[in-house]
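Contents: one structure, followed by commentary.
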Amino acid sequence: MRQAIIIALMLSAPAIHAMPAPPKGSTLGDQRTDPSGLYSIATGPTLAGHPPETMAMTGVRTRQVSTIPSGDANLATLLNYFRQAYENDGLTMAYQCADIDCGGFDFRDSRDVLPPPEMYVDLGNFMYASFASTDSETLAELILSTDGALNYIHISEIIGQTDTQLDPAREYPKQPSDPWTADNLLAALRDHGHVALAGLTFQSGASRLTNGTPQIVMALADALKQTPSLQIALVGHTDSVGSADGNQSLSRNRAQTVANLLTSELGVNSAQITVGGVGFFSPIASNATDEGRDRNRRVEAVLLGGLD
């Protein structure tokens with residue numbers, strides 16, 4: 001699940017967008033504008049040795065570093081400042097995490113950050129947030145860290161125009177020739193880090209399942225019961241129809257429905273399951289077609305740990 005989601009280009013003139021001004025008292029450092037290319041924001045953490053899930057776009061990227069004395073604002077205050085600025089500009093938060101929850105060094109290494117001494121990242125004390133506009137013309141990510149005396153602010157923005165389509169580099173386990181079993185499901189999780197739970201059918205716009213329990217869900221239950229150390233996240237996804245907030249809530253509720261099925265009906269220990277939802281921010285197919293939207297409406301099992 002951790003390969004980048006590549007979003008194909010239908011590029012026209014860049015949209016007009018003003019990067020949020022750093023808070024009062026900040027000092028502007030390095031700023032670079034990179035030529036048109038494929039750039040990304042993270043929409044998930046680094047887990048089980050897999051790079052973070054991303055949303056990518058072809059466009060012009062601007063990266064900027066500024067600093068502010070640590071006594072003037074802490075990292076959480078800075079994060080709220082920029083979140084409000086982006087939301088006022090019509091962007092929605094796609095993902096947020098902090099240091100070890102992001103994935104520590106592996107996560108930091110996956111992000112294209114301007115080098116020191118302009119930018120400093122304490123791997124034990126940094127915050128990350130990514131944002132996307134609903135018109136699919138702006139992606140942004142924010143990295144905040146501190147050296148004790150100064151807080152460092154790194155902003156990266158990509159301005160372009162996108163049409164989402166399947167990423168050929170995004171590897172999904174193929175349906176096995178035989179039915180899903182605990183063994184081949186565990187192998188798929190070990191090899192790919194994630195498995196889309198095919199066969200789930202939800203009531204339109206709701207989180208209630210309208211069909212029986214698919215074979216892959218029963219195989220997942222068997223895998224979890226046979227491997228008590230196994231830890232997974234159930235992550236819900238939607239198509240792009242509707243609001244960002246509504247879809248994020250719907251995606252999490254659908255993942256929770258699957259979690260309830262596993263624990264209440266199939267006897268899985270709830271301590272092995274974490275539930276989340278990312279709405280429409282992580283498509284695997286074009287939202288311009290019925291087939292693509294159907295593929296994007298899914299729940300994935302993501303490996304968190306517990307497999308050798």
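Just so we're on the same page: first chain in the structure tokens is A, next is B, and so on; residues restart at 1 for each chain, and ligands are numbered from 1 in the order they show up.
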Next on the checklist: Which residues are close to Gly267 (chain A), i.e. within 12 Å by only C-alpha atoms, leaving aside same-chain residues fewer than 5 positions away? Reply as a list of chain:residue names.
Outcome noted: A:Met218, A:Leu220, A:Ala221, A:Asp222, A:Ala223, A:Leu224, A:Lys225, A:Gln226, A:Ala259, A:Asn260, A:Leu261, A:Leu262, A:Gln272
Please save N, CA and C atoms of the selected residues as a tab-separated table (two decimals), in the first residue's frame.
chain	number	residue	atom	x	y	z
A	218	MET	N	-13.12	-13.67	5.55
A	218	MET	CA	-13.02	-14.86	6.39
A	218	MET	C	-11.56	-15.33	6.47
A	220	LEU	N	-8.98	-13.34	6.24
A	220	LEU	CA	-8.32	-12.38	7.12
A	220	LEU	C	-8.59	-12.71	8.58
A	221	ALA	N	-9.80	-13.08	8.89
A	221	ALA	CA	-10.13	-13.47	10.27
A	221	ALA	C	-9.30	-14.67	10.70
A	222	ASP	N	-9.18	-15.66	9.82
A	222	ASP	CA	-8.37	-16.84	10.14
A	222	ASP	C	-6.91	-16.46	10.35
A	223	ALA	N	-6.40	-15.57	9.50
A	223	ALA	CA	-5.00	-15.14	9.62
A	223	ALA	C	-4.75	-14.43	10.94
A	224	LEU	N	-5.67	-13.59	11.34
A	224	LEU	CA	-5.51	-12.85	12.60
A	224	LEU	C	-5.59	-13.79	13.80
A	225	LYS	N	-6.50	-14.75	13.74
A	225	LYS	CA	-6.63	-15.69	14.87
A	225	LYS	C	-5.46	-16.65	14.95
A	226	GLN	N	-4.92	-17.05	13.80
A	226	GLN	CA	-3.79	-17.98	13.79
A	226	GLN	C	-2.46	-17.30	14.11
A	259	ALA	N	-14.33	-4.01	10.70
A	259	ALA	CA	-13.73	-4.36	11.99
A	259	ALA	C	-14.75	-5.02	12.89
A	260	ASN	N	-15.95	-4.48	12.92
A	260	ASN	CA	-17.01	-5.08	13.75
A	260	ASN	C	-17.36	-6.49	13.28
A	261	LEU	N	-17.37	-6.68	11.96
A	261	LEU	CA	-17.64	-8.00	11.41
A	261	LEU	C	-16.57	-9.00	11.87
A	262	LEU	N	-15.31	-8.58	11.81
A	262	LEU	CA	-14.21	-9.45	12.21
A	262	LEU	C	-14.25	-9.80	13.69
A	272	GLN	N	-6.00	-6.38	17.83
A	272	GLN	CA	-5.15	-6.56	16.65
A	272	GLN	C	-5.51	-5.61	15.52
Checklist entry - What's the 9 Å shell around Gly103 (chain A), counting only C-alpha atoms, without same-chain residues fewer than 6 positions away, as a list of chain:residue names? => result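 Within the cut-off, the hits are A:Pro45, A:Thr46, A:Leu47, A:Pro52.
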Would you export the selected residues with N, CA, C and O atoms as a compact mmCIF listing (two decimals), in the first residue's frame, please?
# COMPACT_ATOMS: atom_id res chain seq x y z
N PRO A 45 1.55 6.90 6.78
CA PRO A 45 2.87 6.75 7.40
C PRO A 45 3.73 5.71 6.70
O PRO A 45 3.26 4.96 5.84
N THR A 46 4.98 5.64 7.08
CA THR A 46 5.86 4.55 6.70
C THR A 46 5.63 3.40 7.67
O THR A 46 5.79 3.58 8.88
N LEU A 47 5.24 2.24 7.15
CA LEU A 47 4.92 1.10 8.01
C LEU A 47 5.49 -0.18 7.43
O LEU A 47 5.50 -0.37 6.21
N PRO A 52 5.72 5.55 2.44
CA PRO A 52 4.37 6.06 2.72
C PRO A 52 3.52 6.14 1.46
O PRO A 52 4.03 6.34 0.36
Taking the backbone alone, and naming residues the way the document does, which bits of region 16-205 of chain A are helix (DSSP H, G or I) by DSSP, as a PDB file with C-alpha atoms, in the first residue's frame?
ATOM      1  CA  LEU A  75       5.079  23.247  16.815  1.00  0.00           C
ATOM      2  CA  ALA A  76       1.411  22.534  17.555  1.00  0.00           C
ATOM      3  CA  THR A  77       0.600  26.245  17.414  1.00  0.00           C
ATOM      4  CA  LEU A  78       2.407  26.546  14.090  1.00  0.00           C
ATOM      5  CA  LEU A  79       0.566  23.547  12.701  1.00  0.00           C
ATOM      6  CA  ASN A  80      -2.788  25.070  13.644  1.00  0.00           C
ATOM      7  CA  TYR A  81      -1.745  28.390  12.095  1.00  0.00           C
ATOM      8  CA  PHE A  82      -0.954  26.822   8.724  1.00  0.00           C
ATOM      9  CA  ARG A  83      -3.910  24.462   8.813  1.00  0.00           C
ATOM     10  CA  GLN A  84      -6.229  27.420   9.255  1.00  0.00           C
ATOM     11  CA  ALA A  85      -4.473  29.298   6.473  1.00  0.00           C
ATOM     12  CA  TYR A  86      -4.836  26.418   4.032  1.00  0.00           C
ATOM     13  CA  GLU A  87      -8.438  25.721   4.989  1.00  0.00           C
ATOM     14  CA  ASN A  88      -9.249  29.403   4.463  1.00  0.00           C
ATOM     15  CA  ASP A  99       7.767  11.887  14.430  1.00  0.00           C
ATOM     16  CA  ILE A 100       7.567   8.183  15.346  1.00  0.00           C
ATOM     17  CA  ASP A 101       3.905   7.896  14.312  1.00  0.00           C
ATOM     18  CA  CYS A 102       4.896   9.072  10.830  1.00  0.00           C
ATOM     19  CA  GLY A 104      10.636   8.317  11.945  1.00  0.00           C
ATOM     20  CA  PHE A 105      13.692   8.362   9.694  1.00  0.00           C
ATOM     21  CA  ASP A 106      12.108   6.307   6.906  1.00  0.00           C
ATOM     22  CA  PHE A 107       9.257   8.784   6.607  1.00  0.00           C
ATOM     23  CA  ARG A 108      11.557  11.809   6.776  1.00  0.00           C
ATOM     24  CA  ASP A 109      13.831  10.248   4.158  1.00  0.00           C
ATOM     25  CA  SER A 110      10.871   9.821   1.801  1.00  0.00           C
ATOM     26  CA  ALA A 182      -5.034 -17.413   5.815  1.00  0.00           C
ATOM     27  CA  ASP A 183      -1.725 -18.535   4.271  1.00  0.00           C
ATOM     28  CA  ASN A 184      -1.965 -16.731   0.944  1.00  0.00           C
ATOM     29  CA  LEU A 185      -3.395 -13.643   2.629  1.00  0.00           C
ATOM     30  CA  LEU A 186      -0.445 -13.520   5.052  1.00  0.00           C
ATOM     31  CA  ALA A 187       1.917 -13.929   2.098  1.00  0.00           C
ATOM     32  CA  ALA A 188       0.233 -11.019   0.302  1.00  0.00           C
ATOM     33  CA  LEU A 189       0.501  -8.804   3.384  1.00  0.00           C
ATOM     34  CA  ARG A 190       4.163  -9.734   3.826  1.00  0.00           C
ATOM     35  CA  ASP A 191       5.000  -9.073   0.146  1.00  0.00           C
ATOM     36  CA  HIS A 192       2.897  -5.969  -0.482  1.00  0.00           C
TER      37      HIS A 192
END
Next on the checklist: Which residues are close to region 228-245 of chain A, i.e. within 8 Å by only C-alpha atoms, leaving aside same-chain residues fewer than 6 positions away? Reply as a PyMOL selection string.
Outcome noted: chain A and resi 92+134+251-256+258-259+272-283+287+293-294+296-307
Checklist entry - Can you list, as a VMD selection string, every protein, DNA or RNA residue that comes within 7 Å of Tyr39 (chain A) when you count only C-alpha atoms, leaving out same-chain residues fewer than 5 positions away? => result chain A and resid 56 to 58 158
Restrict the selected residues to C-alpha atoms and save them as an mmCIF file, in the first residue's frame.
data_model
loop_
_atom_site.group_PDB
_atom_site.id
_atom_site.type_symbol
_atom_site.label_atom_id
_atom_site.label_comp_id
_atom_site.auth_asym_id
_atom_site.auth_seq_id
_atom_site.Cartn_x
_atom_site.Cartn_y
_atom_site.Cartn_z
ATOM 1 C CA ALA A 56 1.139 12.866 -6.633
ATOM 2 C CA MET A 57 0.649 15.524 -9.274
ATOM 3 C CA THR A 58 2.567 16.890 -12.212
ATOM 4 C CA ILE A 158 2.720 21.723 -6.145
#
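Interatomic distance, CA of Ile153 (chain A) against CA of Tyr95 (chain A): 17.1 Å.
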Next on the checklist: So that I can check the surroundings of Phe131 (chain A), please list as a PyMOL selection string every protein, DNA and RNA residue that reaches within 7 Å of it, counting only C-alpha atoms and ignoring chain neighbours fewer than 3 positions away.
Outcome noted: chain A and resi 91-94+139-141
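Distance annotation: of A:Ala21, A:Gly160, A:His194, A:Asp72, the residue with the minimal separation from His50 (chain A) is A:His194; atom set is only C-alpha atoms.
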Next on the checklist: Would you pick out the contacts of Gln64 (chain A) at 6 Å or less, using only C-alpha atoms, so that residues sharing its chain but fewer than 5 positions from it are not included, and give the list as a ChimeraX atom specification?
Outcome noted: /A:30-31,154-155
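The smallest atom-to-atom distance between Thr201 (chain A) and any of A:Thr62, A:Thr257, A:Ser145, A:Glu157, using only C-alpha atoms, is found for A:Thr257.
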Next on the checklist: What parts of region 177-230 of chain A does DSSP call strand (DSSP E or B)? I'd like the answer as JSON, numbers by chain.
Outcome noted: {"A": [194, 195, 196, 202, 209]}
With C-alpha atoms retained, write the just-selected residues as a PDB file, in the first residue's frame.
ATOM      1  CA  HIS A 194      -1.613  -4.261   2.133  1.00  0.00           C
ATOM      2  CA  VAL A 195      -4.543  -6.105   0.587  1.00  0.00           C
ATOM      3  CA  ALA A 196      -7.753  -4.595  -0.769  1.00  0.00           C
ATOM      4  CA  PHE A 202     -21.985  -1.173   0.963  1.00  0.00           C
ATOM      5  CA  LEU A 209     -22.890  -4.027   4.201  1.00  0.00           C
TER       6      LEU A 209
END
